[in-house]
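The data block below is structure23.cif; it holds mmCIF, C-alpha atoms.
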data_final
#
loop_
_atom_site.label_atom_id
_atom_site.label_comp_id
_atom_site.auth_asym_id
_atom_site.auth_seq_id
_atom_site.Cartn_x
_atom_site.Cartn_y
_atom_site.Cartn_z
CA MET Z 175 0.00 0.00 0.00
CA ASP Z 176 1.16 3.52 -0.77
CA GLU Z 177 2.36 5.74 2.00
CA ASN Z 178 1.84 9.47 2.07
CA SER Z 179 3.25 11.33 5.07
CA ALA Z 180 0.97 14.36 4.56
CA LYS Z 181 -2.24 12.33 4.68
CA VAL Z 182 -5.19 13.54 6.75
CA VAL Z 183 -7.64 10.71 7.33
CA ASP Z 184 -11.18 11.27 6.04
CA GLY Z 185 -13.31 9.03 8.24
CA PHE Z 186 -16.30 9.39 5.93
CA ARG Z 187 -14.51 8.48 2.68
CA PHE Z 188 -16.09 5.02 2.46
CA MET Z 189 -19.56 6.13 3.51
CA PRO Z 190 -22.35 7.16 1.12
CA PRO Z 191 -22.34 11.00 1.12
CA SER Z 192 -25.89 11.39 2.46
CA LEU Z 193 -25.23 9.00 5.35
CA GLY Z 194 -21.89 10.61 6.10
CA ALA Z 195 -23.47 14.08 6.20
CA TRP Z 196 -26.28 12.83 8.45
CA ILE Z 197 -23.93 11.13 10.90
CA GLY Z 198 -21.41 13.96 10.77
CA LYS Z 199 -23.92 16.72 11.49
CA ASP Z 200 -23.65 16.17 15.25
CA ILE Z 201 -19.83 16.11 15.37
CA PRO Z 202 -18.47 19.49 16.48
CA GLU Z 203 -15.98 21.34 14.28
CA GLU Z 204 -13.81 22.40 17.20
CA PRO Z 205 -11.49 20.09 19.20
CA PHE Z 206 -12.90 18.24 22.20
CA GLY Z 207 -12.96 20.57 25.18
CA GLY Z 208 -13.61 18.18 28.05
CA HIS Z 209 -11.36 16.06 30.21
CA ILE Z 210 -9.56 13.22 28.41
CA PRO Z 211 -8.35 10.35 30.62
CA TRP Z 212 -4.61 9.76 30.40
CA THR Z 213 -2.45 6.90 31.61
CA PRO Z 214 1.18 7.35 30.52
CA LEU Z 215 2.92 4.32 29.06
CA GLN Z 216 5.05 3.04 31.93
CA LYS Z 217 7.71 1.15 30.00
CA PRO Z 218 8.87 0.43 26.44
CA ILE Z 219 6.35 -1.57 24.39
CA SER Z 220 8.98 -4.34 24.23
CA LYS Z 221 8.23 -4.90 27.93
CA THR Z 222 4.50 -4.03 27.92
CA THR Z 223 1.63 -6.54 28.25
CA PHE Z 224 -1.14 -5.94 25.71
CA ALA Z 225 -4.76 -6.94 25.25
CA LEU Z 226 -6.84 -6.31 22.15
CA MET Z 227 -10.42 -5.13 22.11
CA THR Z 228 -12.79 -4.60 19.20
CA SER Z 229 -16.37 -3.44 18.75
CA ALA Z 230 -16.89 -5.91 15.90
CA GLY Z 231 -19.34 -8.31 17.58
CA ILE Z 232 -16.95 -11.30 17.60
CA SER Z 233 -17.85 -14.26 19.80
CA LEU Z 234 -16.55 -17.76 20.20
CA LYS Z 235 -18.73 -20.41 18.57
CA THR Z 236 -19.00 -21.97 22.03
CA ASP Z 237 -20.50 -18.76 23.48
CA PRO Z 238 -23.85 -17.05 22.80
CA PRO Z 239 -23.69 -14.78 19.72
CA PHE Z 240 -24.28 -11.05 20.05
CA ASP Z 241 -28.03 -10.47 19.94
CA ILE Z 242 -28.76 -8.98 16.54
CA GLU Z 243 -32.27 -10.43 16.45
CA ARG Z 244 -33.47 -8.06 19.19
CA GLU Z 245 -31.82 -5.16 17.36
CA LYS Z 246 -33.81 -6.07 14.25
CA ARG Z 247 -36.98 -5.73 16.36
CA GLU Z 248 -35.73 -2.69 18.30
CA PRO Z 249 -33.56 -0.64 15.90
CA THR Z 250 -32.27 1.78 18.56
CA TRP Z 251 -31.02 -1.06 20.83
CA GLY Z 252 -27.54 -2.59 20.60
CA ASP Z 253 -26.32 -5.61 22.57
CA PRO Z 254 -24.46 -4.15 25.61
CA THR Z 255 -22.53 -7.31 26.55
CA SER Z 256 -18.96 -8.41 25.84
CA ARG Z 257 -17.17 -11.65 24.96
CA ARG Z 258 -13.76 -13.02 25.91
CA ILE Z 259 -11.60 -14.09 22.97
CA PRO Z 260 -8.53 -16.24 23.74
CA ALA Z 261 -5.21 -15.11 22.28
CA THR Z 262 -5.06 -18.35 20.30
CA ALA Z 263 -8.46 -17.93 18.58
CA GLY Z 264 -8.56 -18.27 14.81
CA PRO Z 265 -11.22 -18.17 12.09
CA ALA Z 266 -12.47 -21.70 12.92
CA ASP Z 267 -13.23 -20.67 16.50
CA ILE Z 268 -15.24 -17.50 15.99
CA ASP Z 269 -18.60 -16.18 14.92
CA VAL Z 270 -19.24 -12.56 13.97
CA ASN Z 271 -22.61 -10.86 14.30
CA HIS Z 272 -22.81 -7.18 13.39
CA LEU Z 273 -25.59 -5.49 11.44
CA HIS Z 274 -23.55 -2.44 10.37
CA ILE Z 275 -20.63 -3.98 8.46
CA ASN Z 276 -19.89 -6.86 6.10
CA THR Z 277 -18.61 -9.51 8.51
CA ASP Z 278 -17.28 -11.87 5.82
CA TYR Z 279 -13.75 -10.44 5.93
CA ILE Z 280 -13.43 -10.94 9.70
CA LYS Z 281 -14.69 -14.52 9.38
CA GLN Z 282 -11.99 -15.16 6.76
CA ASP Z 283 -9.18 -13.47 8.73
CA ILE Z 284 -9.85 -12.27 12.27
CA ASN Z 285 -6.61 -10.27 12.10
CA VAL Z 286 -8.24 -7.60 9.90
CA ILE Z 287 -9.82 -6.23 13.10
CA LEU Z 288 -8.63 -8.33 16.07
CA PRO Z 289 -4.96 -8.95 15.17
CA LEU Z 290 -4.23 -11.77 17.63
CA LYS Z 291 -1.85 -13.62 15.34
CA ARG Z 292 0.12 -10.47 14.54
CA PHE Z 293 0.50 -9.69 18.25
CA ARG Z 294 1.56 -13.28 19.00
CA GLU Z 295 4.23 -12.81 16.32
CA PHE Z 296 5.27 -9.50 17.90
CA GLU Z 297 5.60 -11.30 21.24
CA GLU Z 298 7.75 -14.06 19.71
CA GLU Z 299 9.94 -11.43 18.03
CA GLY Z 300 10.35 -9.42 21.24
CA LEU Z 301 8.65 -6.34 19.77
CA ILE Z 302 6.09 -6.36 22.59
CA GLY Z 303 6.40 -7.78 26.07
CA ARG Z 304 3.41 -10.12 25.95
CA LEU Z 305 -0.09 -10.60 24.55
CA ALA Z 306 -2.42 -11.39 27.48
CA ALA Z 307 -4.28 -14.70 27.45
CA THR Z 308 -7.58 -12.94 26.83
CA SER Z 309 -8.73 -10.28 24.39
CA TYR Z 310 -12.27 -8.90 24.12
CA SER Z 311 -15.11 -7.98 21.82
CA TYR Z 312 -18.21 -5.93 22.38
CA TYR Z 313 -20.84 -4.59 20.00
CA GLY Z 314 -20.18 -1.16 18.56
CA PHE Z 315 -23.72 0.04 17.94
CA GLN Z 316 -24.55 1.73 21.27
CA LEU Z 317 -26.84 4.72 21.01
CA ASP Z 318 -27.15 4.65 24.79
CA PRO Z 319 -23.94 3.17 26.27
CA LYS Z 320 -25.02 3.34 29.94
CA GLU Z 321 -25.40 -0.43 30.40
CA LEU Z 322 -22.23 -1.16 28.44
CA LEU Z 323 -20.26 1.23 30.65
CA ALA Z 324 -21.90 0.44 33.99
CA GLN Z 325 -22.51 -3.32 33.72
CA THR Z 326 -20.08 -4.70 31.13
CA MET Z 327 -16.86 -2.73 31.18
CA PRO Z 328 -16.07 -3.09 34.91
CA GLY Z 329 -15.82 -6.85 34.40
CA VAL Z 330 -13.61 -6.40 31.33
CA ILE Z 331 -11.33 -4.05 33.26
CA SER Z 332 -11.08 -6.48 36.20
CA SER Z 333 -10.17 -9.30 33.85
CA MET Z 334 -7.50 -7.19 32.17
CA GLN Z 335 -6.03 -6.19 35.52
CA ALA Z 336 -5.98 -9.83 36.67
CA GLU Z 337 -3.96 -10.72 33.55
CA GLY Z 338 -1.51 -7.82 34.05
CA VAL Z 339 -2.61 -5.85 30.99
CA GLU Z 340 -0.81 -2.51 30.67
CA ALA Z 341 -1.96 -1.30 27.23
CA VAL Z 342 -4.98 -2.04 25.04
CA LEU Z 343 -5.37 -1.69 21.29
CA LEU Z 344 -8.99 -0.77 20.52
CA THR Z 345 -10.18 -1.42 16.98
CA PRO Z 346 -13.58 -0.01 15.94
CA ALA Z 347 -15.85 -1.80 13.51
CA MET E 224 -12.72 4.14 11.03
CA THR E 225 -14.03 7.61 11.80
CA PRO E 226 -11.48 9.61 13.83
CA GLU E 227 -13.75 12.66 13.60
CA PHE E 228 -15.69 11.22 16.57
CA HIS E 229 -12.65 12.19 18.62
CA ARG E 230 -13.94 15.78 18.54
CA GLU E 231 -17.20 14.62 20.12
CA VAL E 232 -16.01 12.26 22.87
CA GLY E 233 -12.28 12.84 23.46
CA ILE E 234 -10.01 9.80 23.11
CA PRO E 235 -6.59 9.53 24.81
CA ARG E 236 -4.69 8.37 21.71
CA VAL E 237 -6.02 7.89 18.17
CA ALA E 238 -4.10 6.18 15.38
CA ALA E 239 -6.39 7.22 12.52
CA ILE E 240 -6.46 5.14 9.36
CA GLU E 241 -8.42 5.59 6.14
CA TYR E 242 -9.42 1.97 5.65
CA PRO E 243 -12.93 0.57 5.09
CA TYR E 244 -15.16 -0.16 8.08
CA GLY E 245 -14.58 -3.66 9.43
CA ARG E 246 -10.95 -3.91 8.26
CA PRO E 247 -8.98 -1.22 10.16
CA VAL E 248 -5.81 -3.37 10.32
CA GLY E 249 -5.68 -4.28 6.64
CA GLU E 250 -6.71 -6.71 3.95
CA VAL E 251 -7.58 -10.38 4.47
CA ASN E 252 -4.44 -12.54 4.70
CA ASP E 253 -2.13 -9.56 4.07
CA SER E 254 0.08 -10.25 7.06
CA GLU E 255 2.82 -7.85 5.95
CA GLY E 256 0.38 -5.00 5.41
CA GLN E 257 -1.27 -5.69 8.77
CA ARG E 258 2.15 -5.65 10.44
CA ARG E 259 3.00 -2.25 8.94
CA VAL E 260 -0.23 -0.74 10.23
CA LEU E 261 0.15 -2.23 13.72
CA LEU E 262 3.82 -1.29 14.06
CA ALA E 263 2.97 2.29 13.07
CA ALA E 264 0.21 2.36 15.71
CA LEU E 265 2.56 0.91 18.35
CA SER E 266 5.22 3.47 17.46
CA PHE E 267 2.66 6.22 18.04
CA LEU E 268 1.74 4.67 21.40
CA GLU E 269 5.37 5.02 22.47
CA LYS E 270 5.68 8.62 21.22
CA ALA E 271 2.34 10.12 22.34
CA GLU E 272 2.87 12.38 25.35
CA THR E 273 -0.35 14.37 25.74
CA PRO E 274 -4.04 13.36 25.96
CA GLY E 275 -6.02 13.69 22.77
CA GLN E 276 -3.23 13.30 20.22
CA VAL E 277 -4.31 12.00 16.79
CA CYS E 278 -1.74 10.25 14.60
CA GLN E 279 -2.68 10.32 10.91
CA LEU E 280 -1.44 6.96 9.65
CA PRO E 281 -0.11 7.35 6.09
CA PHE E 282 -1.59 4.23 4.51
CA THR E 283 -3.89 4.25 1.47
CA TRP E 284 -6.45 1.53 0.78
CA PRO E 285 -5.88 0.15 -2.73
CA GLU E 286 -9.55 0.13 -3.83
CA GLU E 287 -11.95 2.98 -4.54
CA PRO E 288 -14.68 3.24 -1.87
CA LYS E 289 -17.39 1.88 -4.18
CA HIS E 290 -15.43 -1.35 -4.61
CA THR E 291 -14.74 -2.06 -0.92
CA LYS E 292 -17.99 -3.95 -0.17
CA TRP E 293 -17.86 -3.03 3.52
CA HIS E 294 -21.64 -2.67 3.76
CA PRO E 295 -23.79 -5.26 5.53
CA PRO E 296 -25.86 -7.48 3.23
CA GLU E 297 -29.06 -5.81 4.48
CA ILE E 298 -29.50 -2.17 5.40
CA SER E 299 -29.04 -1.84 9.17
CA PRO E 300 -32.18 -1.40 11.31
CA ILE E 301 -31.28 2.10 12.51
CA ILE E 302 -30.50 3.35 9.00
CA ASN E 303 -33.72 1.80 7.75
CA LEU E 304 -35.61 3.58 10.53
CA TYR E 305 -34.20 6.98 9.53
CA LEU E 306 -33.81 6.36 5.79
CA GLU E 307 -36.17 9.10 4.59
CA GLU E 308 -34.60 11.63 6.97
CA ILE E 309 -31.12 10.65 5.75
CA LYS E 310 -32.12 11.02 2.10
CA ALA E 311 -33.75 14.39 2.78
CA PHE E 312 -30.73 15.61 4.73
CA GLY E 313 -28.41 14.50 1.95
CA ALA E 314 -30.52 16.29 -0.66
CA ARG E 315 -30.47 19.53 1.39
CA THR E 316 -26.71 19.24 1.91
CA ARG E 317 -26.06 18.88 -1.82
CA LYS E 318 -28.01 22.05 -2.68
#

Structure translated into structure tokens:
Amino acid sequence: MDENSAKVVDGFRFMPPSLGAWIGKDIPEEPFGGHIPWTPLQKPISKTTFALMTSAGISLKTDPPFDIEREKREPTWGDPTSRRIPATAGPADIDVNHLHINTDYIKQDINVILPLKRFREFEEEGLIGRLAATSYSYYGFQLDPKELLAQTMPGVISSMQAEGVEAVLLTPA
Amino acid sequence: MTPEFHREVGIPRVAAIEYPYGRPVGEVNDSEGQRRVLLAALSFLEKAETPGQVCQLPFTWPEEPKHTKWHPPEISPIINLYLEEIKAFGARTRK
């Protein structure tokens, strides 16, 4: 792929113009003015323990899928739960349920959004300290994230802390 | 991904990339391309020193948007619910 150092990412480039304008109308022009949480990186990434987390609706085939049937009945509702994904999971182990993207690519190669294999390689090569035993998925369509934040994320955070996670790569769907 | 949401919610560190929705790390089975994206994001993680920094990753997706097939097979319930409003808004915006 080409590289262009002067690039400014257009997050709406792949979206139909009408939809992009409709979604973008509520995004302010000015920079965010509120408080942004900040945890400095404590050590070089070659010694840091990572977990991955994506909003792509990935679940293990042995776990319940994300509930897209209720969303079909209630279009403003999105499943507020999360799933644990082992660091060793591959395409044969996962299901993907998400009503806002084409999930075929993730089913073919989970690394396009939850790059477990790439991070295992980085660990073997000494580029990162370690990939934690568990990574995570939730469901990115959350018009009202209260339940996700209050009920789901505390458990995810506890699990990360128990596995010594020091940095998380978040990949949006 | 849509880094513009950063202006609405405030995110500690954003490695922005202009790739289709659902494939922010790269193409299927392109392990080398995925590595380049991830190593660039990790490099930014090591360099970022202040909350709210956005790193514009320099990668370009090789297909035109209309060929990326990122859309779900059926229109999503929320878009379907607001479809007429979206069309009307788009028509007003184009004028």

inquiry  = Which residue is closest to chain E? Choose from Z:Gly303, Z:Pro328, Z:Pro265, Z:Pro214 and count only C-alpha atoms.
reply    = Z:Pro214

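Selection result for the displayed file, with the PyMOL selection byres ((chain Z) within 6 of (chain E)) as criterion, is Met175, Asp176, Glu177, Asn178, Ser179, Lys181, Val182, Val183, Gly185, Phe188, Ser192, Trp196, Ile201, Pro205, Phe206, Ile210, Trp212, Lys246, Pro249, Leu273, His274, Ile275, Asn276, Asp283, Val286, Ile287 and Ala347 of chain Z.
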
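Atom CA of Z:Asp237 to atom CA of Z:Asp269 spans 9.1 Å [interatomic distance, one decimal].
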
ask   = Selected by the PyMOL selection byres ((chain Z and resi 243) around 12) in the shown coordinates: which residues, as a VMD selection string?
value = (chain Z and resid 239 to 242 244 to 249 251 to 253 271 to 273) or (chain E and resid 299 to 300)

ask   = So, counting all atoms listed in the file, which residue among Z:Met334, Z:Ile268, Z:Ala307, Z:Leu343 is closest to Z:Pro289?
value = Z:Leu343

ask   = So how far away is atom CA of E:Val260 from atom CA of Z:Leu305, in Å?
value = 17.4 Å

9 Å contact set for Z:Glu340, all atoms listed in the file, chain neighbours under 4 positions out, as a ChimeraX atom specification = /Z:215-216,222-225,334-335
